Each structure stands twice: as structure tokens, then as C-alpha cells.
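What follows is final32.pdb (PDB, C-alpha atoms, pLDDT in the B column).
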ATOM      1  CA  MET A   1       9.512 -71.303 -26.744  1.00 43.00           C
ATOM      2  CA  THR A   2       8.546 -73.572 -29.589  1.00 49.00           C
ATOM      3  CA  GLY A   3       6.768 -72.956 -32.832  1.00 62.00           C
ATOM      4  CA  GLU A   4       7.086 -70.354 -35.509  1.00 77.00           C
ATOM      5  CA  TRP A   5       9.701 -67.608 -35.302  1.00 79.00           C
ATOM      6  CA  VAL A   6       8.311 -64.296 -34.096  1.00 90.00           C
ATOM      7  CA  ARG A   7      10.166 -61.225 -35.315  1.00 94.00           C
ATOM      8  CA  GLY A   8      11.589 -59.080 -32.536  1.00 96.00           C
ATOM      9  CA  ARG A   9      14.675 -58.277 -30.534  1.00 98.00           C
ATOM     10  CA  ARG A  10      15.908 -60.595 -27.811  1.00 98.00           C
ATOM     11  CA  ILE A  11      18.131 -59.748 -24.855  1.00 98.00           C
ATOM     12  CA  GLY A  12      20.897 -62.220 -23.959  1.00 98.00           C
ATOM     13  CA  VAL A  13      22.159 -62.376 -20.378  1.00 97.00           C
ATOM     14  CA  ASP A  14      25.342 -63.944 -18.980  1.00 94.00           C
ATOM     15  CA  VAL A  15      25.009 -64.027 -15.178  1.00 94.00           C
ATOM     16  CA  GLY A  16      28.200 -64.172 -13.171  1.00 89.00           C
ATOM     17  CA  SER A  17      28.795 -63.840  -9.448  1.00 88.00           C
ATOM     18  CA  VAL A  18      30.382 -60.386  -9.884  1.00 91.00           C
ATOM     19  CA  ARG A  19      29.191 -59.098 -13.270  1.00 92.00           C
ATOM     20  CA  VAL A  20      26.296 -59.588 -15.682  1.00 95.00           C
ATOM     21  CA  GLY A  21      26.850 -59.340 -19.424  1.00 95.00           C
ATOM     22  CA  VAL A  22      24.040 -58.118 -21.660  1.00 97.00           C
ATOM     23  CA  ALA A  23      23.624 -58.505 -25.427  1.00 97.00           C
ATOM     24  CA  VAL A  24      20.849 -57.775 -27.901  1.00 98.00           C
ATOM     25  CA  CYS A  25      19.989 -59.066 -31.362  1.00 98.00           C
ATOM     26  CA  ASP A  26      18.461 -57.401 -34.376  1.00 97.00           C
ATOM     27  CA  PRO A  27      14.690 -57.837 -34.932  1.00 96.00           C
ATOM     28  CA  ASP A  28      15.298 -60.621 -37.474  1.00 95.00           C
ATOM     29  CA  GLY A  29      17.399 -62.625 -35.007  1.00 95.00           C
ATOM     30  CA  ILE A  30      20.467 -62.766 -37.237  1.00 95.00           C
ATOM     31  CA  LEU A  31      23.200 -61.129 -35.184  1.00 96.00           C
ATOM     32  CA  ALA A  32      23.769 -60.645 -31.456  1.00 97.00           C
ATOM     33  CA  SER A  33      25.720 -57.567 -30.338  1.00 96.00           C
ATOM     34  CA  PRO A  34      27.166 -56.537 -26.963  1.00 95.00           C
ATOM     35  CA  VAL A  35      25.265 -53.974 -24.892  1.00 97.00           C
ATOM     36  CA  ALA A  36      26.752 -53.634 -21.413  1.00 95.00           C
ATOM     37  CA  THR A  37      28.502 -55.174 -18.446  1.00 93.00           C
ATOM     38  CA  LEU A  38      26.603 -54.580 -15.209  1.00 96.00           C
ATOM     39  CA  ALA A  39      27.753 -54.974 -11.632  1.00 94.00           C
ATOM     40  CA  ARG A  40      25.897 -57.917 -10.089  1.00 95.00           C
ATOM     41  CA  ASP A  41      23.626 -56.767  -7.279  1.00 94.00           C
ATOM     42  CA  GLN A  42      23.389 -59.644  -4.790  1.00 87.00           C
ATOM     43  CA  ARG A  43      20.645 -58.156  -2.627  1.00 81.00           C
ATOM     44  CA  THR A  44      17.955 -60.549  -1.455  1.00 75.00           C
ATOM     45  CA  ASP A  45      15.562 -58.052   0.154  1.00 78.00           C
ATOM     46  CA  GLU A  46      12.295 -56.897  -1.364  1.00 79.00           C
ATOM     47  CA  GLU A  47      13.907 -54.191  -3.489  1.00 88.00           C
ATOM     48  CA  ASP A  48      14.677 -55.128  -7.102  1.00 92.00           C
ATOM     49  CA  PRO A  49      18.394 -55.728  -7.712  1.00 95.00           C
ATOM     50  CA  SER A  50      19.939 -52.884  -9.733  1.00 96.00           C
ATOM     51  CA  ASP A  51      21.350 -55.227 -12.413  1.00 97.00           C
ATOM     52  CA  MET A  52      17.893 -56.679 -13.060  1.00 97.00           C
ATOM     53  CA  SER A  53      16.360 -53.193 -13.119  1.00 97.00           C
ATOM     54  CA  GLN A  54      18.945 -52.200 -15.747  1.00 98.00           C
ATOM     55  CA  ILE A  55      18.155 -55.318 -17.791  1.00 98.00           C
ATOM     56  CA  MET A  56      14.484 -54.307 -17.673  1.00 98.00           C
ATOM     57  CA  ALA A  57      15.485 -50.835 -18.912  1.00 98.00           C
ATOM     58  CA  TYR A  58      17.217 -52.505 -21.886  1.00 98.00           C
ATOM     59  CA  VAL A  59      14.129 -54.662 -22.496  1.00 98.00           C
ATOM     60  CA  ALA A  60      12.080 -51.468 -22.717  1.00 98.00           C
ATOM     61  CA  GLU A  61      14.666 -49.551 -24.759  1.00 98.00           C
ATOM     62  CA  TYR A  62      15.034 -52.319 -27.355  1.00 98.00           C
ATOM     63  CA  GLU A  63      11.384 -53.414 -27.128  1.00 98.00           C
ATOM     64  CA  ALA A  64      12.638 -56.943 -26.522  1.00 98.00           C
ATOM     65  CA  ILE A  65      10.149 -59.789 -26.807  1.00 98.00           C
ATOM     66  CA  GLU A  66      12.231 -62.406 -24.945  1.00 97.00           C
ATOM     67  CA  ILE A  67      15.125 -62.589 -22.502  1.00 98.00           C
ATOM     68  CA  VAL A  68      17.571 -65.471 -22.967  1.00 97.00           C
ATOM     69  CA  VAL A  69      19.624 -66.333 -19.872  1.00 97.00           C
ATOM     70  CA  GLY A  70      22.622 -68.653 -20.051  1.00 94.00           C
ATOM     71  CA  LEU A  71      22.343 -71.742 -17.832  1.00 93.00           C
ATOM     72  CA  PRO A  72      25.656 -73.349 -16.845  1.00 88.00           C
ATOM     73  CA  ILE A  73      25.670 -77.025 -17.758  1.00 83.00           C
ATOM     74  CA  ASN A  74      28.802 -79.077 -17.109  1.00 77.00           C
ATOM     75  CA  LEU A  75      30.592 -81.015 -19.834  1.00 75.00           C
ATOM     76  CA  ALA A  76      28.721 -84.169 -18.815  1.00 79.00           C
ATOM     77  CA  GLY A  77      25.452 -82.373 -19.591  1.00 80.00           C
ATOM     78  CA  LYS A  78      24.366 -82.059 -15.952  1.00 85.00           C
ATOM     79  CA  GLU A  79      23.429 -79.021 -13.891  1.00 86.00           C
ATOM     80  CA  GLY A  80      25.764 -78.197 -11.018  1.00 79.00           C
ATOM     81  CA  PRO A  81      25.327 -75.870  -8.024  1.00 83.00           C
ATOM     82  CA  ALA A  82      25.828 -72.770 -10.197  1.00 86.00           C
ATOM     83  CA  ALA A  83      22.823 -73.742 -12.334  1.00 91.00           C
ATOM     84  CA  GLY A  84      20.536 -73.592  -9.291  1.00 91.00           C
ATOM     85  CA  LEU A  85      21.694 -70.042  -8.564  1.00 92.00           C
ATOM     86  CA  ILE A  86      21.099 -69.027 -12.188  1.00 94.00           C
ATOM     87  CA  ARG A  87      17.616 -70.576 -12.061  1.00 95.00           C
ATOM     88  CA  GLN A  88      16.866 -68.446  -8.966  1.00 94.00           C
ATOM     89  CA  TYR A  89      18.156 -65.360 -10.806  1.00 95.00           C
ATOM     90  CA  ALA A  90      16.009 -66.189 -13.858  1.00 97.00           C
ATOM     91  CA  ASP A  91      12.933 -66.745 -11.665  1.00 96.00           C
ATOM     92  CA  ARG A  92      13.333 -63.307 -10.051  1.00 95.00           C
ATOM     93  CA  LEU A  93      13.966 -61.708 -13.447  1.00 97.00           C
ATOM     94  CA  ARG A  94      10.882 -63.517 -14.811  1.00 97.00           C
ATOM     95  CA  GLN A  95       8.736 -61.901 -12.090  1.00 96.00           C
ATOM     96  CA  MET A  96      10.057 -58.452 -13.016  1.00 96.00           C
ATOM     97  CA  ALA A  97       9.855 -59.028 -16.780  1.00 97.00           C
ATOM     98  CA  ALA A  98       6.332 -60.429 -17.065  1.00 96.00           C
ATOM     99  CA  PRO A  99       4.783 -60.650 -19.611  1.00 97.00           C
ATOM    100  CA  VAL A 100       8.152 -60.825 -21.455  1.00 97.00           C
ATOM    101  CA  PRO A 101       9.280 -64.481 -21.280  1.00 97.00           C
ATOM    102  CA  VAL A 102      12.617 -65.377 -19.663  1.00 98.00           C
ATOM    103  CA  LEU A 103      14.149 -68.452 -21.276  1.00 96.00           C
ATOM    104  CA  LEU A 104      17.109 -70.539 -20.145  1.00 96.00           C
ATOM    105  CA  THR A 105      19.625 -71.929 -22.622  1.00 92.00           C
ATOM    106  CA  ASP A 106      22.737 -74.068 -22.307  1.00 84.00           C
ATOM    107  CA  GLU A 107      25.695 -71.709 -21.999  1.00 78.00           C
ATOM    108  CA  ARG A 108      28.300 -74.460 -21.998  1.00 65.00           C
ATOM    109  CA  MET A 109      31.634 -73.030 -23.095  1.00 56.00           C
ATOM    110  CA  SER A 110      30.299 -69.487 -23.711  1.00 58.00           C
ATOM    111  CA  THR A 111      32.913 -67.840 -21.483  1.00 60.00           C
ATOM    112  CA  ALA A 112      35.674 -70.026 -22.920  1.00 63.00           C
ATOM    113  CA  ALA A 113      34.564 -69.127 -26.456  1.00 62.00           C
ATOM    114  CA  ALA A 114      34.367 -65.445 -25.515  1.00 59.00           C
ATOM    115  CA  THR A 115      37.862 -65.535 -23.995  1.00 64.00           C
ATOM    116  CA  ARG A 116      39.268 -67.246 -27.098  1.00 69.00           C
ATOM    117  CA  ARG A 117      37.547 -64.741 -29.403  1.00 70.00           C
ATOM    118  CA  LEU A 118      38.956 -61.772 -27.474  1.00 61.00           C
ATOM    119  CA  SER A 119      42.452 -63.308 -27.310  1.00 65.00           C
ATOM    120  CA  GLU A 120      42.381 -63.862 -31.072  1.00 73.00           C
ATOM    121  CA  ARG A 121      41.749 -60.123 -31.416  1.00 67.00           C
ATOM    122  CA  GLY A 122      44.616 -59.262 -29.077  1.00 68.00           C
ATOM    123  CA  VAL A 123      42.401 -58.176 -26.167  1.00 61.00           C
ATOM    124  CA  ARG A 124      43.950 -59.393 -22.903  1.00 65.00           C
ATOM    125  CA  GLY A 125      44.203 -58.672 -19.189  1.00 63.00           C
ATOM    126  CA  ARG A 126      42.225 -55.790 -17.751  1.00 64.00           C
ATOM    127  CA  ARG A 127      40.726 -54.849 -21.140  1.00 61.00           C
ATOM    128  CA  GLN A 128      39.482 -58.423 -21.548  1.00 55.00           C
ATOM    129  CA  ARG A 129      37.905 -58.548 -18.078  1.00 64.00           C
ATOM    130  CA  ALA A 130      36.013 -55.335 -18.856  1.00 62.00           C
ATOM    131  CA  VAL A 131      34.195 -56.875 -21.829  1.00 73.00           C
ATOM    132  CA  ILE A 132      34.300 -60.661 -21.341  1.00 73.00           C
ATOM    133  CA  ASP A 133      30.802 -60.776 -19.844  1.00 83.00           C
ATOM    134  CA  GLN A 134      29.318 -58.858 -22.776  1.00 87.00           C
ATOM    135  CA  VAL A 135      31.033 -61.168 -25.247  1.00 86.00           C
ATOM    136  CA  ALA A 136      29.811 -64.215 -23.291  1.00 88.00           C
ATOM    137  CA  ALA A 137      26.259 -62.787 -23.463  1.00 93.00           C
ATOM    138  CA  VAL A 138      26.719 -62.416 -27.237  1.00 93.00           C
ATOM    139  CA  GLU A 139      27.879 -66.075 -27.434  1.00 90.00           C
ATOM    140  CA  ILE A 140      24.831 -67.219 -25.421  1.00 94.00           C
ATOM    141  CA  LEU A 141      22.332 -65.241 -27.495  1.00 96.00           C
ATOM    142  CA  GLN A 142      23.988 -66.031 -30.839  1.00 93.00           C
ATOM    143  CA  GLY A 143      24.067 -69.748 -29.991  1.00 90.00           C
ATOM    144  CA  TRP A 144      20.384 -69.656 -29.097  1.00 93.00           C
ATOM    145  CA  LEU A 145      19.516 -67.758 -32.292  1.00 94.00           C
ATOM    146  CA  ASP A 146      21.562 -70.150 -34.449  1.00 89.00           C
ATOM    147  CA  ALA A 147      19.914 -73.171 -32.801  1.00 87.00           C
ATOM    148  CA  ARG A 148      16.459 -71.682 -33.400  1.00 87.00           C
ATOM    149  CA  ARG A 149      17.304 -71.121 -37.057  1.00 83.00           C
ATOM    150  CA  ALA A 150      18.603 -74.699 -37.327  1.00 80.00           C
ATOM    151  CA  GLY A 151      15.388 -76.004 -35.755  1.00 77.00           C
ATOM    152  CA  ALA A 152      16.918 -77.145 -32.457  1.00 58.00           C
ATOM    153  CA  VAL A 153      15.027 -75.440 -29.657  1.00 55.00           C
ATOM    154  CA  ARG A 154      17.381 -74.526 -26.790  1.00 47.00           C
ATOM    155  CA  GLY A 155      15.239 -72.277 -24.694  1.00 51.00           C
TER
END

Could the structure of this file be written out as C-alpha cells, please?
Amino acid sequence: MTGEWVRGRRIGVDVGSVRVGVAVCDPDGILASPVATLARDQRTDEEDPSDMSQIMAYVAEYEAIEIVVGLPINLAGKEGPAAGLIRQYADRLRQMAAPVPVLLTDERMSTAAATRRLSERGVRGRRQRAVIDQVAAVEILQGWLDARRAGAVRG
């Protein structure tokens, strides 16, 4: 999305093969906060995956105006096989979310940054695995918000 900032909450999503992290920001787009870690529902039939249905429930609950999904880009700036899977996920979520836009943003290093942040706070092992996806979603959404504020459009 380009152009002038529109006030409203955004939902950040970190899609993993096992879990999906969800974050939300305040209406002014200043601060992203963790919401939940969802079990990834890999179904490919006609029924909506439960993780996407839960994301849609958060969109409704927070009256979100956009969904920002992290897209894995490698350190060379190229999309690998994982990016194609995330694009498929975002396309399916986009169908469910319409008319709420689903945007993709570079999530390079979000999980590494989330792991470092949790380790700095003494959260390790099982406790870290329980929240890492939420923190990665916060990193993705906060990075997108900061880039928007700085004038660099990332989604």
C-alpha cells in the first residue's frame, strides 16, 4: 500500500510450517504487540484452515484494516522455496480476508531477532518455543510500521 497513512490497527503474521505467530498494533501504528501462537493447519481441502479462521477472528476483534504477512527473503535478497509457500498462504488468506488487504513484507532475520530478544530477557528452551512465533510476528509488524513511518514502503 502506498500513499498517506490511514489510521487503524494492523495484524502481523509470521507463518511457519508448524505454528503461526500473530501480532497487532495500536491504531496509530506506533507499537506492535503479541497476540497469539496458532497451530498451523495444513489442510488443502475446501474448508478454511483453522489458523486462518482464527486470524480472521482477530481481524474482526481488532477491527484491523490490513494484514501484514512476513515473506522469507534470503540474505542475498532473493526468494527461496519457502517464499512460494508463504505466497500461497497469503493468497488463501487474501481470499478469506477480502476486502481487508493482505500485504507481504520482507521478514529477513525476524526469527533471529526474536530469538535474540527473548534470550536477552532470559527466556530459553520450551518457554522460548511457546512464544517465539508471536515475537517474530511483532518483529515483522514493527519493522513494517517503522519502514512506513520512515517513508520506505515494504508492503

Tell me which protein, DNA and RNA residues are within 6 Å of A:Asp14, counting all atoms listed in the file, leaving out same-chain ones fewer than 5 positions away, and put them as number ranges by chain. A: 20-21, 70, 137

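Shortest separation to A:Val100 among A:Leu38, A:Ala23, A:Ile67, A:Leu145 occurs at residue A:Ile67, atoms counted being all atoms listed in the file.
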
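Summary of the local environment: counting only C-alpha atoms, residues at most 12 Å from A:Glu63, other than itself and those fewer than 4 positions away along its chain, are Arg7, Gly8, Arg9, Arg10, Ile11, Val24, Cys25, Asp26, Pro27, Ile55, Met56, Ala57, Tyr58, Val59, Ile67, Ala97 and Val100 of chain A.
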
Spell out the residues picked by the PyMOL selection byres ((chain A and resi 75) around 12) here, as a PyMOL selection string. chain A and resi 72-74+76-80+106-109

Expanded to explicit residues, what is the PyMOL selection byres ((chain A and resi 102) around 6) for this file, as a VMD selection string? chain A and resid 67 to 68 94 101 103

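The space separating atom CA of A:Tyr89 from atom CA of A:Gly12 comes to 13.8 Å.
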
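Each of A:Ala136, A:Ala36, A:Leu104, A:Ala150 was compared to A:Val69 using only C-alpha atoms, and A:Leu104 turns out to be the nearest.
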
Box along x, y and z, 4 Å on every side, all listed atoms of stretch 13-25 of chain A inside: centre and edge lengths in Å to one decimal, as lines of an AutoDock Vina configuration file.
center_x = 25.2
center_y = -61.0
center_z = -20.4
size_x = 18.4
size_y = 14.4
size_z = 29.9

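Computed from the coordinates, the atom CA of A:Asp51 to atom CA of A:Ile86 distance equals 13.8 Å.
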
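Using all atoms listed in the file for every distance, the candidate list A:Gln88, A:Gln54, A:Ser33, A:Gln42 yields A:Ser33 as the residue closest to A:Ile140.
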
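Interatomic distance, atom CA of A:Arg19 to atom CA of A:Pro99: 25.3 Å.
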
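Distance cut-off 6 Å, centre (13.9, -57.6, -10.1), atoms counted all atoms listed in the file; the residues meeting this are Asp48, Pro49, Met52, Ser53, Arg92, Leu93 and Met96 of chain A.
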
With distances taken over only C-alpha atoms, which residue among A:Asp28, A:Asp91, A:Glu139, A:Asp41 lies nearest A:Ala64? A:Asp28

List the residues sitting within 8 Å of (10.2, -64.8, -32.0) in the file's frame, using all atoms listed in the file, as a list in words. Glu4, Trp5, Val6, Arg7, Gly8, Ile65 and Glu66 of chain A

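With distances restricted to only C-alpha atoms, A:Val18 is the closest residue to A:Arg40 from A:Ala98, A:Ala60, A:Val18, A:Leu71.
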